[in-house]
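Enquirer: This one is query16.cif, mmCIF, C-alpha atoms (C1' of nucleotides).
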data_start
loop_
_atom_site.label_atom_id
_atom_site.label_comp_id
_atom_site.auth_asym_id
_atom_site.auth_seq_id
_atom_site.Cartn_x
_atom_site.Cartn_y
_atom_site.Cartn_z
CA MET A 1 -100.76 -48.90 -57.97
CA ASP A 2 -101.10 -51.55 -55.34
CA ARG A 3 -104.37 -53.46 -55.52
CA ARG A 4 -104.77 -53.19 -51.76
CA GLN A 5 -104.57 -49.43 -51.85
CA GLN A 6 -107.20 -49.27 -54.53
CA LYS A 7 -109.48 -51.47 -52.48
CA THR A 8 -109.26 -49.50 -49.28
CA ARG A 9 -109.47 -46.23 -51.14
CA ALA A 10 -112.63 -47.41 -52.82
CA ALA A 11 -113.99 -48.73 -49.55
CA ILE A 12 -113.44 -45.40 -47.87
CA PHE A 13 -115.01 -43.53 -50.75
CA THR A 14 -118.15 -45.61 -50.77
CA ALA A 15 -118.40 -45.51 -47.00
CA PHE A 16 -118.09 -41.76 -47.10
CA SER A 17 -120.70 -41.48 -49.82
CA THR A 18 -123.08 -43.70 -47.90
CA LEU A 19 -122.71 -41.59 -44.81
CA LEU A 20 -123.14 -38.38 -46.75
CA ALA A 21 -126.46 -39.67 -47.99
CA GLU A 22 -127.56 -40.04 -44.38
CA LYS A 23 -126.18 -37.02 -42.61
CA SER A 24 -124.43 -33.76 -43.28
CA TYR A 25 -120.71 -33.56 -43.84
CA SER A 26 -119.97 -31.77 -40.59
CA LYS A 27 -121.68 -34.44 -38.53
CA ILE A 28 -119.69 -37.28 -40.00
CA THR A 29 -116.71 -38.44 -37.95
CA VAL A 30 -113.62 -40.27 -39.03
CA GLN A 31 -114.65 -42.99 -36.65
CA GLU A 32 -117.87 -43.59 -38.54
CA ILE A 33 -116.07 -43.59 -41.83
CA ILE A 34 -113.58 -46.25 -40.82
CA ASP A 35 -116.29 -48.32 -39.15
CA THR A 36 -118.43 -48.21 -42.28
CA ALA A 37 -115.51 -48.81 -44.58
CA ASN A 38 -114.25 -51.50 -42.29
CA VAL A 39 -110.68 -50.36 -42.40
CA GLY A 40 -108.22 -49.69 -39.63
CA ARG A 41 -107.73 -46.30 -38.16
CA THR A 42 -104.10 -46.27 -39.22
CA THR A 43 -105.09 -47.09 -42.75
CA PHE A 44 -107.38 -44.13 -43.05
CA TYR A 45 -104.71 -41.70 -41.95
CA ALA A 46 -102.25 -43.32 -44.27
CA HIS A 47 -104.51 -42.42 -47.18
CA PHE A 48 -105.92 -39.09 -46.12
CA GLU A 49 -104.70 -36.37 -43.84
CA ALA A 50 -108.16 -35.63 -42.58
CA LYS A 51 -111.80 -35.50 -43.53
CA ASP A 52 -111.28 -32.46 -45.72
CA ASP A 53 -108.71 -34.32 -47.73
CA LEU A 54 -111.14 -37.12 -48.30
CA LEU A 55 -113.81 -34.77 -49.54
CA LYS A 56 -111.42 -33.12 -51.93
CA ALA A 57 -110.24 -36.43 -53.30
CA LEU A 58 -113.80 -37.62 -53.74
CA CYS A 59 -114.73 -34.48 -55.61
CA GLU A 60 -111.78 -34.79 -57.92
CA GLU A 61 -112.72 -38.36 -58.61
CA LEU A 62 -116.36 -37.55 -59.24
CA PHE A 63 -116.02 -34.45 -61.36
CA GLY A 64 -112.95 -35.68 -63.16
CA HIS A 65 -114.89 -37.62 -65.77
CA ILE A 66 -117.69 -35.16 -66.18
CA ILE A 67 -115.51 -32.16 -66.73
CA SER A 68 -113.01 -33.83 -69.01
CA SER A 69 -115.79 -35.19 -71.15
CA ALA A 70 -117.33 -31.74 -71.26
CA LEU A 71 -113.96 -30.35 -72.21
CA ASP A 72 -113.83 -32.62 -75.24
CA CYS A 73 -117.35 -31.66 -76.14
CA SER A 74 -116.66 -27.97 -75.88
CA HIS A 75 -113.38 -28.31 -77.70
CA THR A 76 -115.07 -29.53 -80.82
CA HIS A 77 -118.36 -27.68 -80.61
CA GLY A 78 -117.83 -24.61 -78.46
CA LEU A 79 -120.09 -23.82 -75.56
CA TYR A 80 -122.99 -23.61 -77.90
CA SER A 81 -122.42 -24.93 -81.36
CA ASP A 82 -123.60 -22.30 -83.78
CA LYS A 83 -124.89 -24.65 -86.43
CA ASN A 84 -126.08 -28.18 -86.53
CA ALA A 85 -125.17 -29.72 -83.19
CA PRO A 86 -128.12 -29.12 -80.89
CA LYS A 87 -126.42 -30.21 -77.72
CA SER A 88 -124.71 -27.57 -75.67
CA VAL A 89 -121.96 -28.26 -73.20
CA PHE A 90 -124.45 -27.43 -70.50
CA CYS A 91 -126.93 -29.96 -71.69
CA HIS A 92 -124.11 -32.43 -71.91
CA LEU A 93 -123.16 -31.77 -68.32
CA LEU A 94 -126.73 -32.04 -67.10
CA GLN A 95 -127.17 -35.36 -68.84
CA HIS A 96 -123.99 -36.63 -67.29
CA LEU A 97 -125.28 -35.67 -63.90
CA GLN A 98 -128.59 -37.34 -64.50
CA GLU A 99 -127.10 -40.54 -65.85
CA ASP A 100 -125.42 -40.94 -62.51
CA GLU A 101 -122.55 -43.22 -63.37
CA ASN A 102 -120.71 -42.70 -60.12
CA ASN A 103 -123.66 -42.47 -57.77
CA ILE A 104 -123.09 -38.79 -57.74
CA LEU A 105 -126.81 -38.15 -57.56
CA GLU A 106 -127.09 -39.44 -54.05
CA LEU A 107 -124.49 -36.92 -53.03
CA LEU A 108 -126.20 -34.13 -54.86
CA TYR A 109 -129.45 -34.97 -53.15
CA CYS A 110 -127.81 -34.89 -49.74
CA GLU A 111 -127.57 -32.12 -47.20
CA SER A 112 -124.05 -31.26 -48.21
CA SER A 113 -124.72 -30.94 -51.91
CA GLU A 114 -123.47 -27.38 -51.93
CA LEU A 115 -120.10 -28.65 -50.91
CA PHE A 116 -119.83 -30.62 -54.10
CA LEU A 117 -121.27 -27.93 -56.27
CA ARG A 118 -118.57 -25.57 -55.06
CA TYR A 119 -115.96 -27.93 -56.40
CA PHE A 120 -118.01 -28.32 -59.51
CA LYS A 121 -118.04 -24.60 -60.06
CA ASP A 122 -114.29 -24.32 -59.84
CA SER A 123 -113.85 -26.87 -62.58
CA LEU A 124 -116.60 -25.29 -64.61
CA ASN A 125 -115.00 -21.91 -64.32
CA GLU A 126 -111.84 -23.08 -66.02
CA LEU A 127 -113.80 -24.77 -68.75
CA ILE A 128 -115.79 -21.67 -69.55
CA GLN A 129 -112.79 -19.43 -69.20
CA ASN A 130 -111.04 -21.40 -71.91
CA GLN A 131 -114.04 -21.18 -74.14
CA PHE A 132 -114.14 -17.44 -73.81
CA VAL A 133 -110.50 -17.14 -74.63
CA ASN A 134 -110.70 -19.48 -77.58
CA GLN A 135 -113.86 -18.13 -79.08
CA ASN A 136 -112.74 -14.51 -78.99
CA ARG A 137 -116.08 -13.24 -77.91
CA LYS A 138 -117.72 -10.16 -79.37
CA ASN A 139 -117.51 -8.30 -76.09
CA ASN A 140 -119.64 -5.41 -77.24
CA THR A 141 -120.25 -4.16 -73.74
CA ASP A 142 -117.45 -3.10 -71.43
CA ILE A 143 -118.19 -5.74 -68.86
CA PRO A 144 -115.10 -7.60 -67.65
CA GLN A 145 -114.72 -11.03 -69.12
CA ASP A 146 -114.09 -12.76 -65.84
CA PHE A 147 -117.30 -11.28 -64.53
CA LEU A 148 -119.16 -12.94 -67.37
CA VAL A 149 -117.35 -16.23 -66.87
CA ASN A 150 -118.23 -16.16 -63.21
CA HIS A 151 -121.79 -15.29 -63.99
CA ILE A 152 -122.21 -18.21 -66.34
CA SER A 153 -120.58 -20.86 -64.20
CA GLY A 154 -122.12 -19.43 -61.08
CA SER A 155 -125.65 -19.36 -62.33
CA PHE A 156 -125.23 -22.78 -63.88
CA VAL A 157 -124.31 -24.21 -60.51
CA GLU A 158 -127.17 -22.36 -58.87
CA MET A 159 -129.45 -23.84 -61.45
CA VAL A 160 -128.22 -27.33 -60.71
CA LEU A 161 -128.73 -26.70 -57.02
CA TRP A 162 -132.28 -25.57 -57.75
CA TRP A 163 -132.79 -28.61 -59.92
CA ILE A 164 -131.63 -30.96 -57.21
CA LYS A 165 -133.65 -29.33 -54.47
CA GLY A 166 -136.73 -29.65 -56.64
CA ARG A 167 -136.05 -33.37 -56.99
CA MET A 168 -134.84 -33.07 -60.57
CA LYS A 169 -138.26 -32.98 -62.13
CA GLN A 170 -137.05 -31.32 -65.32
CA THR A 171 -135.20 -33.05 -68.12
CA PRO A 172 -131.72 -31.89 -69.01
CA GLU A 173 -133.10 -30.58 -72.29
CA GLU A 174 -135.69 -28.45 -70.53
CA LEU A 175 -133.12 -27.08 -68.14
CA ASP A 176 -130.80 -26.34 -71.00
CA ARG A 177 -133.55 -24.36 -72.67
CA TYR A 178 -134.15 -22.36 -69.50
CA PHE A 179 -130.48 -21.72 -69.18
CA ARG A 180 -130.15 -20.58 -72.77
CA ALA A 181 -133.01 -18.18 -72.18
CA VAL A 182 -131.48 -16.47 -69.18
CA ILE A 183 -127.96 -16.47 -70.53
CA GLU A 184 -128.46 -15.82 -74.25
CA SER A 185 -128.00 -12.08 -74.00
CA ILE A 186 -124.36 -12.45 -73.07
CA LEU A 187 -123.31 -15.62 -74.84
CA MET B 1 -133.93 -8.51 -22.02
CA ASP B 2 -131.36 -8.73 -19.33
CA ARG B 3 -128.38 -6.51 -19.90
CA ARG B 4 -126.06 -9.34 -18.98
CA GLN B 5 -127.48 -11.55 -21.64
CA GLN B 6 -126.99 -8.87 -24.25
CA LYS B 7 -123.40 -8.41 -23.18
CA THR B 8 -122.44 -12.05 -23.33
CA ARG B 9 -124.33 -12.54 -26.53
CA ALA B 10 -122.46 -9.65 -28.07
CA ALA B 11 -119.18 -10.89 -26.64
CA ILE B 12 -119.72 -14.30 -28.17
CA PHE B 13 -120.68 -12.80 -31.51
CA THR B 14 -117.62 -10.59 -31.73
CA ALA B 15 -115.38 -13.40 -30.55
CA PHE B 16 -116.82 -15.66 -33.20
CA SER B 17 -116.40 -13.02 -35.87
CA THR B 18 -112.82 -12.41 -34.85
CA LEU B 19 -112.04 -16.09 -35.04
CA LEU B 20 -113.76 -16.43 -38.39
CA ALA B 21 -111.49 -13.74 -39.75
CA GLU B 22 -108.52 -15.87 -38.75
CA LYS B 23 -109.52 -19.41 -39.55
CA SER B 24 -112.24 -21.38 -41.24
CA TYR B 25 -115.48 -22.20 -39.52
CA SER B 26 -114.80 -25.90 -39.22
CA LYS B 27 -111.51 -25.32 -37.44
CA ILE B 28 -112.99 -23.11 -34.76
CA THR B 29 -113.80 -24.84 -31.47
CA VAL B 30 -116.25 -23.84 -28.81
CA GLN B 31 -113.31 -23.67 -26.45
CA GLU B 32 -111.68 -20.96 -28.51
CA ILE B 33 -114.90 -19.04 -28.72
CA ILE B 34 -115.45 -18.95 -25.00
CA ASP B 35 -111.80 -18.16 -24.35
CA THR B 36 -111.91 -15.25 -26.77
CA ALA B 37 -115.29 -14.06 -25.57
CA ASN B 38 -114.12 -14.54 -22.00
CA VAL B 39 -117.30 -16.24 -20.89
CA GLY B 40 -117.84 -19.44 -19.02
CA ARG B 41 -118.48 -22.70 -20.73
CA THR B 42 -121.89 -22.97 -19.11
CA THR B 43 -122.81 -19.56 -20.36
CA PHE B 44 -122.13 -20.43 -23.94
CA TYR B 45 -124.32 -23.49 -23.86
CA ALA B 46 -127.02 -21.51 -22.12
CA HIS B 47 -127.14 -19.21 -25.13
CA PHE B 48 -126.53 -21.58 -28.00
CA GLU B 49 -127.04 -25.25 -28.50
CA ALA B 50 -123.88 -25.61 -30.52
CA LYS B 51 -121.62 -23.90 -33.00
CA ASP B 52 -124.18 -24.25 -35.78
CA ASP B 53 -126.71 -22.38 -33.72
CA LEU B 54 -124.30 -19.58 -33.20
CA LEU B 55 -123.64 -19.27 -36.89
CA LYS B 56 -127.31 -19.17 -37.66
CA ALA B 57 -127.97 -16.53 -35.02
CA LEU B 58 -125.10 -14.44 -36.29
CA CYS B 59 -126.39 -14.63 -39.84
CA GLU B 60 -129.85 -13.60 -38.80
CA GLU B 61 -128.41 -10.69 -36.89
CA LEU B 62 -126.21 -9.59 -39.76
CA PHE B 63 -128.60 -9.94 -42.64
CA GLY B 64 -131.59 -8.78 -40.66
CA HIS B 65 -130.94 -5.11 -41.22
CA ILE B 66 -129.77 -5.39 -44.76
CA ILE B 67 -132.69 -7.40 -45.99
CA SER B 68 -135.38 -5.48 -44.16
CA SER B 69 -134.01 -2.23 -45.46
CA ALA B 70 -133.96 -3.71 -48.94
CA LEU B 71 -137.50 -4.85 -48.42
CA ASP B 72 -138.61 -1.29 -47.73
CA CYS B 73 -136.70 -0.11 -50.73
CA SER B 74 -138.21 -2.69 -53.03
CA HIS B 75 -141.65 -2.12 -51.59
CA THR B 76 -141.71 1.45 -52.71
CA HIS B 77 -139.64 1.24 -55.89
CA GLY B 78 -139.81 -2.34 -57.10
CA LEU B 79 -136.69 -4.28 -57.94
CA TYR B 80 -135.81 -1.73 -60.56
CA SER B 81 -137.79 1.46 -60.48
CA ASP B 82 -139.03 2.05 -63.97
CA LYS B 83 -138.78 5.82 -63.90
CA ASN B 84 -136.82 8.37 -61.99
CA ALA B 85 -135.18 6.49 -59.12
CA PRO B 86 -131.83 5.29 -60.41
CA LYS B 87 -131.03 3.06 -57.47
CA SER B 88 -132.02 -0.57 -57.77
CA VAL B 89 -132.55 -2.87 -54.84
CA PHE B 90 -129.38 -4.60 -55.89
CA CYS B 91 -127.35 -1.46 -55.81
CA HIS B 92 -128.88 -0.72 -52.46
CA LEU B 93 -127.80 -4.10 -51.15
CA LEU B 94 -124.30 -3.73 -52.49
CA GLN B 95 -123.91 -0.34 -50.89
CA HIS B 96 -125.07 -1.73 -47.61
CA LEU B 97 -122.48 -4.44 -47.85
CA GLN B 98 -119.76 -1.97 -48.65
CA GLU B 99 -120.68 0.43 -45.91
CA ASP B 100 -119.98 -2.36 -43.49
CA GLU B 101 -121.95 -1.26 -40.47
CA ASN B 102 -121.71 -4.57 -38.68
CA ASN B 103 -118.21 -5.56 -39.70
CA ILE B 104 -119.79 -7.95 -42.09
CA LEU B 105 -117.03 -7.32 -44.62
CA GLU B 106 -114.45 -9.10 -42.53
CA LEU B 107 -116.68 -12.14 -42.57
CA LEU B 108 -117.23 -11.90 -46.28
CA TYR B 109 -113.48 -11.71 -46.82
CA CYS B 110 -112.90 -14.79 -44.70
CA GLU B 111 -112.50 -18.40 -45.65
CA SER B 112 -116.05 -19.22 -44.70
CA SER B 113 -117.67 -16.45 -46.67
CA GLU B 114 -119.75 -18.93 -48.64
CA LEU B 115 -121.44 -19.94 -45.45
CA PHE B 116 -122.79 -16.46 -45.02
CA LEU B 117 -123.68 -16.01 -48.63
CA ARG B 118 -125.85 -19.11 -48.44
CA TYR B 119 -127.88 -17.49 -45.71
CA PHE B 120 -127.88 -14.31 -47.70
CA LYS B 121 -129.30 -16.08 -50.70
CA ASP B 122 -132.15 -17.58 -48.73
CA SER B 123 -133.22 -14.15 -47.54
CA LEU B 124 -132.74 -12.71 -51.00
CA ASN B 125 -134.86 -15.41 -52.51
CA GLU B 126 -137.87 -14.43 -50.47
CA LEU B 127 -137.38 -10.80 -51.26
CA ILE B 128 -137.26 -11.38 -54.99
CA GLN B 129 -140.06 -13.90 -54.86
CA ASN B 130 -142.32 -11.24 -53.39
CA GLN B 131 -141.31 -8.77 -56.02
CA PHE B 132 -142.20 -11.18 -58.76
CA VAL B 133 -145.56 -11.88 -57.24
CA ASN B 134 -146.34 -8.23 -56.65
CA GLN B 135 -145.17 -6.94 -59.97
CA ASN B 136 -147.11 -9.47 -62.01
CA ARG B 137 -144.37 -9.99 -64.44
CA LYS B 138 -144.84 -10.23 -68.17
CA ASN B 139 -143.69 -13.81 -68.31
CA ASN B 140 -143.60 -13.98 -72.05
CA THR B 141 -141.56 -17.15 -72.10
CA ASP B 142 -142.76 -20.36 -70.52
CA ILE B 143 -139.95 -20.50 -68.02
CA PRO B 144 -141.08 -21.26 -64.48
CA GLN B 145 -141.13 -18.27 -62.21
CA ASP B 146 -139.25 -19.89 -59.39
CA PHE B 147 -136.51 -20.76 -61.82
CA LEU B 148 -136.15 -17.10 -62.64
CA VAL B 149 -136.24 -16.10 -59.00
CA ASN B 150 -133.55 -18.60 -58.21
CA HIS B 151 -131.50 -17.44 -61.15
CA ILE B 152 -131.60 -13.83 -60.03
CA SER B 153 -130.84 -14.38 -56.38
CA GLY B 154 -128.33 -17.07 -57.20
CA SER B 155 -126.36 -15.07 -59.67
CA PHE B 156 -126.50 -12.04 -57.43
CA VAL B 157 -124.87 -14.00 -54.65
CA GLU B 158 -122.33 -15.42 -57.06
CA MET B 159 -121.56 -11.91 -58.15
CA VAL B 160 -121.02 -10.80 -54.58
CA LEU B 161 -118.74 -13.77 -54.04
CA TRP B 162 -116.78 -12.78 -57.12
CA TRP B 163 -116.66 -9.21 -55.91
CA ILE B 164 -115.31 -10.21 -52.54
CA LYS B 165 -112.72 -12.58 -53.91
CA GLY B 166 -111.48 -9.82 -56.18
CA ARG B 167 -111.04 -7.60 -53.13
CA MET B 168 -114.08 -5.46 -53.96
CA LYS B 169 -112.36 -3.30 -56.51
CA GLN B 170 -115.58 -2.27 -58.22
CA THR B 171 -118.03 0.25 -56.86
CA PRO B 172 -121.59 -0.83 -56.09
CA GLU B 173 -122.76 1.27 -59.02
CA GLU B 174 -120.43 -0.50 -61.43
CA LEU B 175 -121.49 -3.90 -60.18
CA ASP B 176 -125.11 -2.91 -60.45
CA ARG B 177 -124.53 -1.96 -64.06
CA TYR B 178 -122.91 -5.32 -64.76
CA PHE B 179 -125.75 -7.07 -63.07
CA ARG B 180 -128.37 -5.18 -65.02
CA ALA B 181 -126.58 -6.13 -68.19
CA VAL B 182 -126.59 -9.86 -67.54
CA ILE B 183 -130.05 -9.94 -66.07
CA GLU B 184 -131.95 -7.39 -68.16
CA SER B 185 -133.33 -9.91 -70.61
CA ILE B 186 -135.48 -11.52 -67.96
CA LEU B 187 -136.29 -8.66 -65.64
"C1'" DA C 1 -132.23 -0.61 0.77
"C1'" DA C 2 -133.80 -5.50 0.69
"C1'" DT C 3 -134.81 -9.43 -1.76
"C1'" DA C 4 -135.95 -13.02 -4.96
"C1'" DA C 5 -134.85 -14.39 -9.54
"C1'" DA C 6 -131.83 -14.82 -13.20
"C1'" DA C 7 -127.22 -15.13 -15.19
"C1'" DG C 8 -122.57 -16.00 -15.12
"C1'" DA C 9 -118.11 -18.19 -13.31
"C1'" DG C 10 -115.44 -22.06 -12.41
"C1'" DA C 11 -114.38 -26.62 -11.75
"C1'" DA C 12 -115.02 -31.12 -12.58
"C1'" DC C 13 -116.87 -34.78 -15.25
"C1'" DA C 14 -117.88 -38.60 -18.75
"C1'" DA C 15 -118.01 -39.51 -23.38
"C1'" DA C 16 -116.47 -39.15 -27.79
"C1'" DA C 17 -113.15 -37.94 -31.44
"C1'" DT C 18 -108.62 -37.04 -33.01
"C1'" DG C 19 -104.23 -38.25 -34.54
"C1'" DT C 20 -100.12 -41.06 -33.47
"C1'" DT C 21 -97.30 -44.99 -32.20
"C1'" DT C 22 -96.01 -49.92 -31.97
"C1'" DG C 23 -95.71 -54.47 -33.25
"C1'" DT C 24 -97.77 -58.04 -36.06
"C1'" DT C 25 -99.83 -60.17 -40.06
"C1'" DA C 26 -101.24 -60.43 -44.81
"C1'" DT C 27 -100.56 -59.28 -49.55
"C1'" DC C 28 -98.27 -57.73 -53.52
"C1'" DA C 29 -94.84 -57.32 -57.26
"C1'" DA C 30 -90.51 -58.89 -58.71
"C1'" DT D 1 -89.54 -67.14 -52.78
"C1'" DT D 2 -88.45 -62.92 -50.91
"C1'" DG D 3 -88.18 -58.24 -49.79
"C1'" DA D 4 -91.22 -54.41 -49.64
"C1'" DT D 5 -95.48 -52.51 -48.78
"C1'" DA D 6 -99.99 -52.11 -46.90
"C1'" DA D 7 -103.34 -53.16 -43.58
"C1'" DC D 8 -104.48 -54.30 -38.99
"C1'" DA D 9 -105.36 -54.13 -33.92
"C1'" DA D 10 -104.58 -52.19 -29.71
"C1'" DA D 11 -103.13 -48.79 -27.00
"C1'" DC D 12 -102.12 -44.05 -26.18
"C1'" DA D 13 -102.17 -38.97 -25.08
"C1'" DT D 14 -104.72 -35.13 -26.35
"C1'" DT D 15 -108.52 -32.46 -27.50
"C1'" DT D 16 -113.26 -31.40 -27.85
"C1'" DT D 17 -117.77 -31.76 -26.45
"C1'" DG D 18 -121.72 -31.17 -23.63
"C1'" DT D 19 -123.39 -31.63 -18.85
"C1'" DT D 20 -123.71 -31.03 -13.89
"C1'" DC D 21 -122.50 -29.18 -9.82
"C1'" DT D 22 -121.80 -25.14 -6.44
"C1'" DC D 23 -120.97 -20.43 -5.68
"C1'" DT D 24 -120.98 -15.53 -6.80
"C1'" DT D 25 -122.65 -11.47 -9.13
"C1'" DT D 26 -126.02 -8.78 -11.26
"C1'" DT D 27 -130.62 -7.43 -12.22
"C1'" DA D 28 -135.41 -6.00 -11.68
"C1'" DT D 29 -138.87 -5.20 -8.36
"C1'" DT D 30 -140.79 -3.82 -4.23
#
Could you render the structure from this file as structure tokens?
Expert:
Amino acid sequence: MDRRQQKTRAAIFTAFSTLLAEKSYSKITVQEIIDTANVGRTTFYAHFEAKDDLLKALCEELFGHIISSALDCSHTHGLYSDKNAPKSVFCHLLQHLQEDENNILELLYCESSELFLRYFKDSLNELIQNQFVNQNRKNNTDIPQDFLVNHISGSFVEMVLWWIKGRMKQTPEELDRYFRAVIESIL
Amino acid sequence: MDRRQQKTRAAIFTAFSTLLAEKSYSKITVQEIIDTANVGRTTFYAHFEAKDDLLKALCEELFGHIISSALDCSHTHGLYSDKNAPKSVFCHLLQHLQEDENNILELLYCESSELFLRYFKDSLNELIQNQFVNQNRKNNTDIPQDFLVNHISGSFVEMVLWWIKGRMKQTPEELDRYFRAVIESIL
DNA sequence: AATAAAAGAGAACAAAATGTTTGTTATCAA
DNA sequence: TTGATAACAAACATTTTGTTCTCTTTTATT
């Protein structure tokens, strides 16, 4: 890909992130984005159809790494490794979030954090779905599988939201323990 | 309150609801609202500061009944009555949603359903918080109470979201059973 | 029934934001 | 070096927003 495209794309992303840290998504205008990114109006619309597009692209960029790395992790270990590996996929994910490679934390602290967590949940849902299919769960109850999948990914995201709103005082390991406790009965 | 005010307020609410059924919140303009409601521009801004205000007011209106009725219910029975009353607060809430007094269903089917469910969760959180405080729970584990509260209200909302997206095929009683199953270990 | 107060209608307005077009310049990849 | 591509700036019509007028209708009260 053209080096210029990469540059402007990156500039727009960082500008957008910066603005998101300041104000809520709905209050941000394209004008502000292009001013902050210091790119021409035409350029913005050449890259993205609209603000929604930009958000989507940013989310894909941000959660791309995290999810794919979690996918590897879960591929080898399962959601929770039964034996020796103490690290669950969930703990893995939480650590990734905390490490904050891509300045994702700033966005998760911001007013529009839910926006991102929605995207996060969609990715998560697939990941967990696969796990359920692969692991052939002992579905002793007659509760639909996709209900369980939704419950797990949903409550994980809600936990992260809670974590963020509380200024992330807990360690990923603590959170993972909490999550195990409330989810163990169905996993 | 002036009868005129009630009328226009109602007109704006129904117009807004109608539009929300058609398109997403962010795409709706004030212009469309006042055209649909057939009120003057001045009138709208006399009632609401902006679109956000309107949404908030609508949410309060919609969830007002549901939550207060649930509050009564939980006051007398607790979240889950231990003995003879088979109806949980959660089942109660689900039935209320399904009954659809205030055409809330249309809004929960719409693109912006998450918006409403966020408000819903906030109300729910308080309700459950109170229950926990009143019931003096046997917190055998060392998991923070507000984590548990968040987990319950959060996963309830996620369940409702799942329910809605699946076109509400399950009965409230079924859903309640599912919910009991995934939540029993901590309640 | 008369009246003052409140609410809405309607038009007009400035300011801001959107999305597009045009022509020019700079940069890239070959 | 050269053709292709991307970015730019400026201008543009259009839409949306929120406000400010004046005028009319409705309401509650006497």
Enquirer: Since I can't run it myself right now, could you work out what the PyMOL selection byres ((chain C) within 10 of (chain B)) selects here and report it as an NGL selection string?
Expert: :C and (6-10)
Enquirer: Which chain D residues have any atom within 9 Å of an atom of chain B, and for each, what is the nearest pair of atoms with distance in Å to one decimal, counting only C-alpha atoms (C1' of nucleotides), rows sorted by chain and number, as JSON lines?
Expert:
{"residue": "D:DT16", "atom": "C1'", "partner": "B:Thr29", "partner_atom": "CA", "distance": 7.5}
{"residue": "D:DT17", "atom": "C1'", "partner": "B:Val30", "partner_atom": "CA", "distance": 8.4}
{"residue": "D:DG18", "atom": "C1'", "partner": "B:Tyr45", "partner_atom": "CA", "distance": 8.1}
{"residue": "D:DT19", "atom": "C1'", "partner": "B:Thr42", "partner_atom": "CA", "distance": 8.8}
{"residue": "D:DT26", "atom": "C1'", "partner": "B:Arg4", "partner_atom": "CA", "distance": 7.7}
{"residue": "D:DT27", "atom": "C1'", "partner": "B:Asp2", "partner_atom": "CA", "distance": 7.3}
Enquirer: Pick out the chain B residues within 7 Å of chain A. Count all atoms listed in the file. Give them as JSON, numbers by chain.
Expert: {"B": [143, 151, 154, 155, 158, 159, 178, 182, 185, 186]}
Enquirer: Could you list the residues chosen by the PyMOL selection byres ((chain A and resi 109) around 8) in this structure as a CSV table (one decimal) with C-alpha atoms, in the frame of the given file?
Expert:
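Contents of expr25.csv, freshly written:
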chain,number,residue,atom,x,y,z
A,21,ALA,CA,-126.5,-39.7,-48.0
A,105,LEU,CA,-126.8,-38.2,-57.6
A,106,GLU,CA,-127.1,-39.4,-54.0
A,107,LEU,CA,-124.5,-36.9,-53.0
A,108,LEU,CA,-126.2,-34.1,-54.9
A,110,CYS,CA,-127.8,-34.9,-49.7
A,111,GLU,CA,-127.6,-32.1,-47.2
A,113,SER,CA,-124.7,-30.9,-51.9
A,164,ILE,CA,-131.6,-31.0,-57.2
A,165,LYS,CA,-133.6,-29.3,-54.5
A,167,ARG,CA,-136.0,-33.4,-57.0
Enquirer: Could you state which residues are captured by the PyMOL selection byres ((chain C and resi 23) around 10) in this file, as a PyMOL selection string?
Expert: (chain C and resi 21-22+24-25) or (chain D and resi 9-10)
Enquirer: If I take C1' of DA6 (chain D) and CA of Lys7 (chain A), how far is one from the other in Å, to one decimal?
Expert: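 About the pair C1' of DA6 (chain D) and CA of Lys7 (chain A): they are 11.0 Å apart.
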Enquirer: For CA of Ser88 (chain B) and CA of Gln145 (chain B), quote the distance in Å rounded to one decimal.
Expert: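 Calculated distance between CA of Ser88 (chain B) and CA of Gln145 (chain B) is 20.4 Å.
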Enquirer: Any idea what's packed within 12 Å of Glu101 (chain B), counting all atoms listed in the file, ignoring anything in its chain fewer than 6 positions away? Could you give it as a PyMOL selection string?
Expert: chain B and resi 61-63+65-66+95
Enquirer: Excluding Lys51 (chain A) and residues on its chain fewer than 2 positions from it, collect all residues at most 12 Å away from it, counting only C-alpha atoms (C1' of nucleotides), and give them as an MDAnalysis selection string.
Expert: (chainID A and resid 12:13 16 25:34 44:45 47:49 53:58) or (chainID B and resid 26:27) or (chainID C and resid 18)
Enquirer: Identify which of the residues D:DT25, D:DC12, D:DA7, D:DT2 lies closest to DT27 (chain C), counting all atoms listed in the file when measuring atom-to-atom distances.
Expert: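 Answer, going by the shortest atom-to-atom distance: D:DA7.
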Enquirer: Which polymer residues have any atom within 10 Å of an atom of DT3 (chain C), counting all atoms listed in the file, with same-chain residues fewer than 2 positions away left out, as an mmCIF file with C-alpha atoms (C1' of nucleotides), keeping the file's coordinate frame?
Expert:
data_model
loop_
_atom_site.group_PDB
_atom_site.id
_atom_site.type_symbol
_atom_site.label_atom_id
_atom_site.label_comp_id
_atom_site.auth_asym_id
_atom_site.auth_seq_id
_atom_site.Cartn_x
_atom_site.Cartn_y
_atom_site.Cartn_z
ATOM 1 C "C1'" DA C 1 -132.230 -0.610 0.770
ATOM 2 C "C1'" DA C 5 -134.850 -14.390 -9.540
ATOM 3 C "C1'" DT D 29 -138.870 -5.200 -8.360
ATOM 4 C "C1'" DT D 30 -140.790 -3.820 -4.230
#
Enquirer: At what distance in Å, to one decimal, does CA of Ser24 (chain B) lie from CA of Phe120 (chain B)?
Expert: 18.3 Å
Enquirer: Could you put an axis-aligned box around every listed atom of region 19-24 of chain C, padded by 6 Å on each side, and send me its centre and edge lengths in Å to one decimal, as AutoDock Vina command-line options?
Expert:
--center_x -100.0 --center_y -48.1 --center_z -34.0 --size_x 20.5 --size_y 31.8 --size_z 16.1
